[in-house]
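Report on the following structure.
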Amino acid sequence: MEKEAVATRSEGTARHSFSISKITFPLLPFFTFVGFFLLWPILAVTIRSLKGNKNEWTLENYRPLIHGSYFHAFLVSIKLASITALIGALLGGLFAYVIVNSAGPKLTSVLDSISAVFANSGGVPLAFMFIAAFGTEGLFTKFLKVLGWDIYAGKFTLFSFTGVAIVYSFFQIPLMILVFKPALKGLRKEWSEASTNLGASPITYWRRVVIPILTPSFLGAFFLLFAGGFSAYATARAMTVGTVPLVPIIIGTLVDGNVISNQANLGDALAVGMIIVAAIAMSGYLFAQRRANRWRSA
Amino acid sequence: MSNDKNSSRVSSKLELSNITRKFGSVTALAGLNLTVEPGELVALLGPSGCGKTTALRIVAGLESADSGSLFVNGVSYLDKPANERDMGMVFQSYSLFPNMTVSQNIEYGLQVRKIESTKRRKIINEKLELVALGEKANSYPHQLSGGQQQRVALARALAIEPTVLLLDEPLSALDAQVRSQIREEIRRIQLSLGITTLFVTHDQEEAMSIADRVGVMSHGKLEQIDRPISIYNNPATPFVASFVGQANKIPAQVTDRGNVKVLGQKIQLSKHSIDIADGRSVTALIRPESLHIVSESDPEGTAGQVVIKSFLGPLTKLGITIEGGLLVHLNVPSTEVRKIEIGDRISIMIVAEEVMVESA
Amino acid sequence: MTIFVVSVLAILIFVLPLVAASEFSFRGAKGMGHSFTNYIWLIHQDGFSEHILTSLQLAVLSGLLNLILMVPTAVLLHLKLAKWRSLVEFICILPLIIPVVSLAIGAQVSMPKFIQNSQYELVCFFVIIALPFTYRALDAALSSIDIKTLVEASRSLGASWPATIVRVIIPSIKGGITSALFLSFALAIGEFTITSLLHWDTFPTWAVVAAQQNILGAIALSVFSFVGAVLLMVLIALFSNRKRSKTNSKLEEVAA
């Protein structure tokens, strides 16, 4: 018995090492490509952010980030990301719930693809569209004026924090639908029927079964939306240059504009700062995902 | 909380009258009449689509009926909301709440009824013992096997002391071996508690082995409801005869009113057979155990050649091709069949008092 | 009742802005009347065709490169290398975590001169940015077929490895490949961030500049591309899902 076990184990290892060499080679293109075009740039910018004017190791470049206008920019970016993620999570969650419970299969797939387009829209077209709709000459603006609400009566301008937040919500909501729908679909009909059968009201069912089960997925989705809202560049760029202090935009101006000698490294520090914030959000997402799956059948 | 066999709460009388239900253009139930006596286990048996699950769900309140009436102990239940019916239901699978332990699952119905905690503890432990899962009290559903999950589902349904126990194909998702084990457990528990039970299944062995009475359904109607042995020996319709147990379909001809000629023998027609004019061709349904091997010289015998021999343990199933190339099966005690091999020629004969036929 | 309210809300939020923008795009000169003027204007602008061509070229190349890189990788992972799957999955999530802005800065710092001087560095970065989506599409498609059984069946019938891959596996994941291709193409065509930060000039970056002269024209284009993308996606979804949903519903029937 023991001899057998030893024999199969060494056989296994032998096969194992043979496989590794045979297989890693085909995976080499992938790892090389990703290593060169993704990992190396990130590493490079991190290293350069830690170097001072005379090429020494230093944290000097990070100093401006923790107070003053750059810190403020981080706060504004985080605030924008949080608010739009929240709007996206709540409204998107609601829409997702309705779709899962009421839409037939064909309608669902159509809505899925529309959501995919909207979720990945971003950038310039989206900004233009909103300028068209909500700008001073926009149709929507006129429509609201007819209803008695002149949105430009006050200080409102599309090229502001609020404007950007509205536009961001436009892609946060569909993204939420895409990300959260699977979790909703995982709610089995048998659970609600069993709960009813055992005498509980729908509210009890929600309180004791649905909310505990959905909360991790919901939070995870929120973090994902946050990361997206924080890192977005193109839309804000098309709408706000200079008017709203967002970190991605500041990096952009540093790159575009006049580069004073140590400003290059400041850009690096800002870039790494962004990575850190986004990474924290994503680890929140990954942690929540793991919690969401802990009750899944093996 | 007593386990008294005749505790009136769980030994309820269930009466369905003329229940109809349509889904769009599909008729799921066409006037179902069914009474389940206190403490009885009735199995609803039939192929998928026959309406058995719909009937069960109407009793549970998860579906509504278009017309008809439903009485539990003389009280009309059709308009009662599903969560006020006090019935325990076991679903086919996946019905345990995944975010709760076994104990918490069982406790769910008790908390809804605001039963205080020491009493709840007691009931949970009793039920866990009943299904022999005491050591799994703090496990989560995903840590249990399919069979264990269904036992927990049963415990959870019984914890609330339901008036009626409803089982919707509870064993269909389980492995074959586990299936027979658990169905016996279900029957044992049901008998010890004296709880009125409605059990839906498409597996005839399951239904026949544990039910007090079996109701065979087809196309939204109850074809026959009787004790298992009567269903088997005296099927009321051709559908029942061919759905329950096996039946050879052999061409035959009605001779004079009341008799049919099949395999050269003249046998009385079953009184449940459809009324057919003399001389008409029909199909006779003959059970494998009604076919016996006779000597080749017997004038009443039909000659055939053995093409299949399947050893089933105490019985061996033989497949014989007879006149016209028809393949018929017979079950013979294995000891009697030792000398018979594939290719041998043997003679068979029908031994039955009456025979059921259906139109050709 | 809730459905009605929610649908109205959804339409208000999503359809109206599109409609409003569309209306805007059809406005005539000086904001009078409606016509195709804006669409025509855009086409007549200097640089329209060359920039569109550039973007198209880059998009096609990145789509192809994406497939060439990821299809073999994904197939290999599903065939033999479950071990590496979680690592690769994590790597493919990275582009979602790492802000594109930061990647752009990183690119500036790290890429050797000869690469930085070529427009085609964009192709490589587009591939990276699309990685989460392409990998997910391919992974999902490969997970939905029983690849091990298919391969064993094919091999036992005498087919070689290349033949098995080309004639059995690839056709089975056609849906995933199409999704991946479309996603990376769409992403590349609309990509603005890394293009602008690396100082390249593609259609999106050109459009932003052009917009500053005639906002109407740029809007016309945006609307057009947006609506076009939605229609295309819907068509693809309707066509590819017809087969899959039939199979799925059959499976559900059997399981019920």
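We label chains A, B, ... in the order they appear in the structure tokens, count residues from 1 in each chain, and number ligands from 1 in the order shown.
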Interface, chain A side, toward chain B (9 Å; only C-alpha atoms) as a list in words: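 Interface list for chain A against chain B: Arg188, Lys189, Glu190, Trp191, Ser192, Glu193, Ala194, Ser195, Thr196, Asn197, Leu198, Gly199, Ala200, Ser201, Thr204, Arg208, Val209, Pro212, Ile213, Arg294, Trp295, Arg296, Ser297 and Ala298 of chain A.
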Shell around stretch 259-262 of chain B at 12 Å using only C-alpha atoms, local window under 6 positions removed, as a VMD selection string: chain B and resid 248 to 253 268 to 271 273 275 to 286 300 to 302 323 349 to 358
Contacts of stretch 228-243 of chain A at 6 Å (only C-alpha atoms; same-chain gap of 6+ positions) as a VMD selection string: (chain A and resid 77 81 122 to 124 127 159) or (chain C and resid 99 192 to 193)
Atom CA of A:Leu219 to atom CA of A:His67, straight-line distance in Å: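 About the pair atom CA of A:His67 and atom CA of A:Leu219: they are 29.6 Å apart.
With only C-alpha atoms as the atoms that count, the residue of C:Leu18, C:Ala10, C:Gln108, C:Gln57 with the shortest distance to A:Leu126 is C:Leu18.
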Within 6 Å of chain C, which residues belong to chain A? Use only C-alpha atoms and report them as a compact mmCIF listing (two decimals) with C-alpha atoms, in the first residue's frame.
# COMPACT_ATOMS: atom_id res chain seq x y z
CA PRO A 41 5.11 50.51 -16.84
CA ILE A 42 3.48 50.35 -13.43
CA ALA A 44 8.58 52.01 -13.67
CA VAL A 45 6.27 54.81 -12.64
CA VAL A 110 -31.46 43.03 -25.47
CA SER A 113 -26.35 44.37 -24.60
CA ILE A 114 -27.71 47.89 -24.26
CA PRO A 125 -19.26 60.71 -27.07
CA PHE A 128 -20.95 65.48 -26.04
CA MET A 129 -24.30 63.84 -25.75
CA ALA A 132 -26.31 68.36 -26.32
CA ALA A 133 -29.07 67.31 -24.00
CA LEU A 139 -33.43 69.88 -25.81
CA PHE A 140 -33.73 68.54 -22.34
CA SER A 231 -10.28 56.47 -12.57
CA ALA A 234 -12.07 61.04 -20.91
CA ALA A 271 -0.37 58.31 -10.76
CA ILE A 275 -3.29 53.23 -8.21
CA ALA A 278 -8.13 52.17 -6.89
CA ALA A 279 -6.35 49.14 -5.46
Of the listed residues B:Ile225, B:Ala173, B:Leu315, B:Leu16, that which approaches chain C most closely, counting only C-alpha atoms: B:Ala173
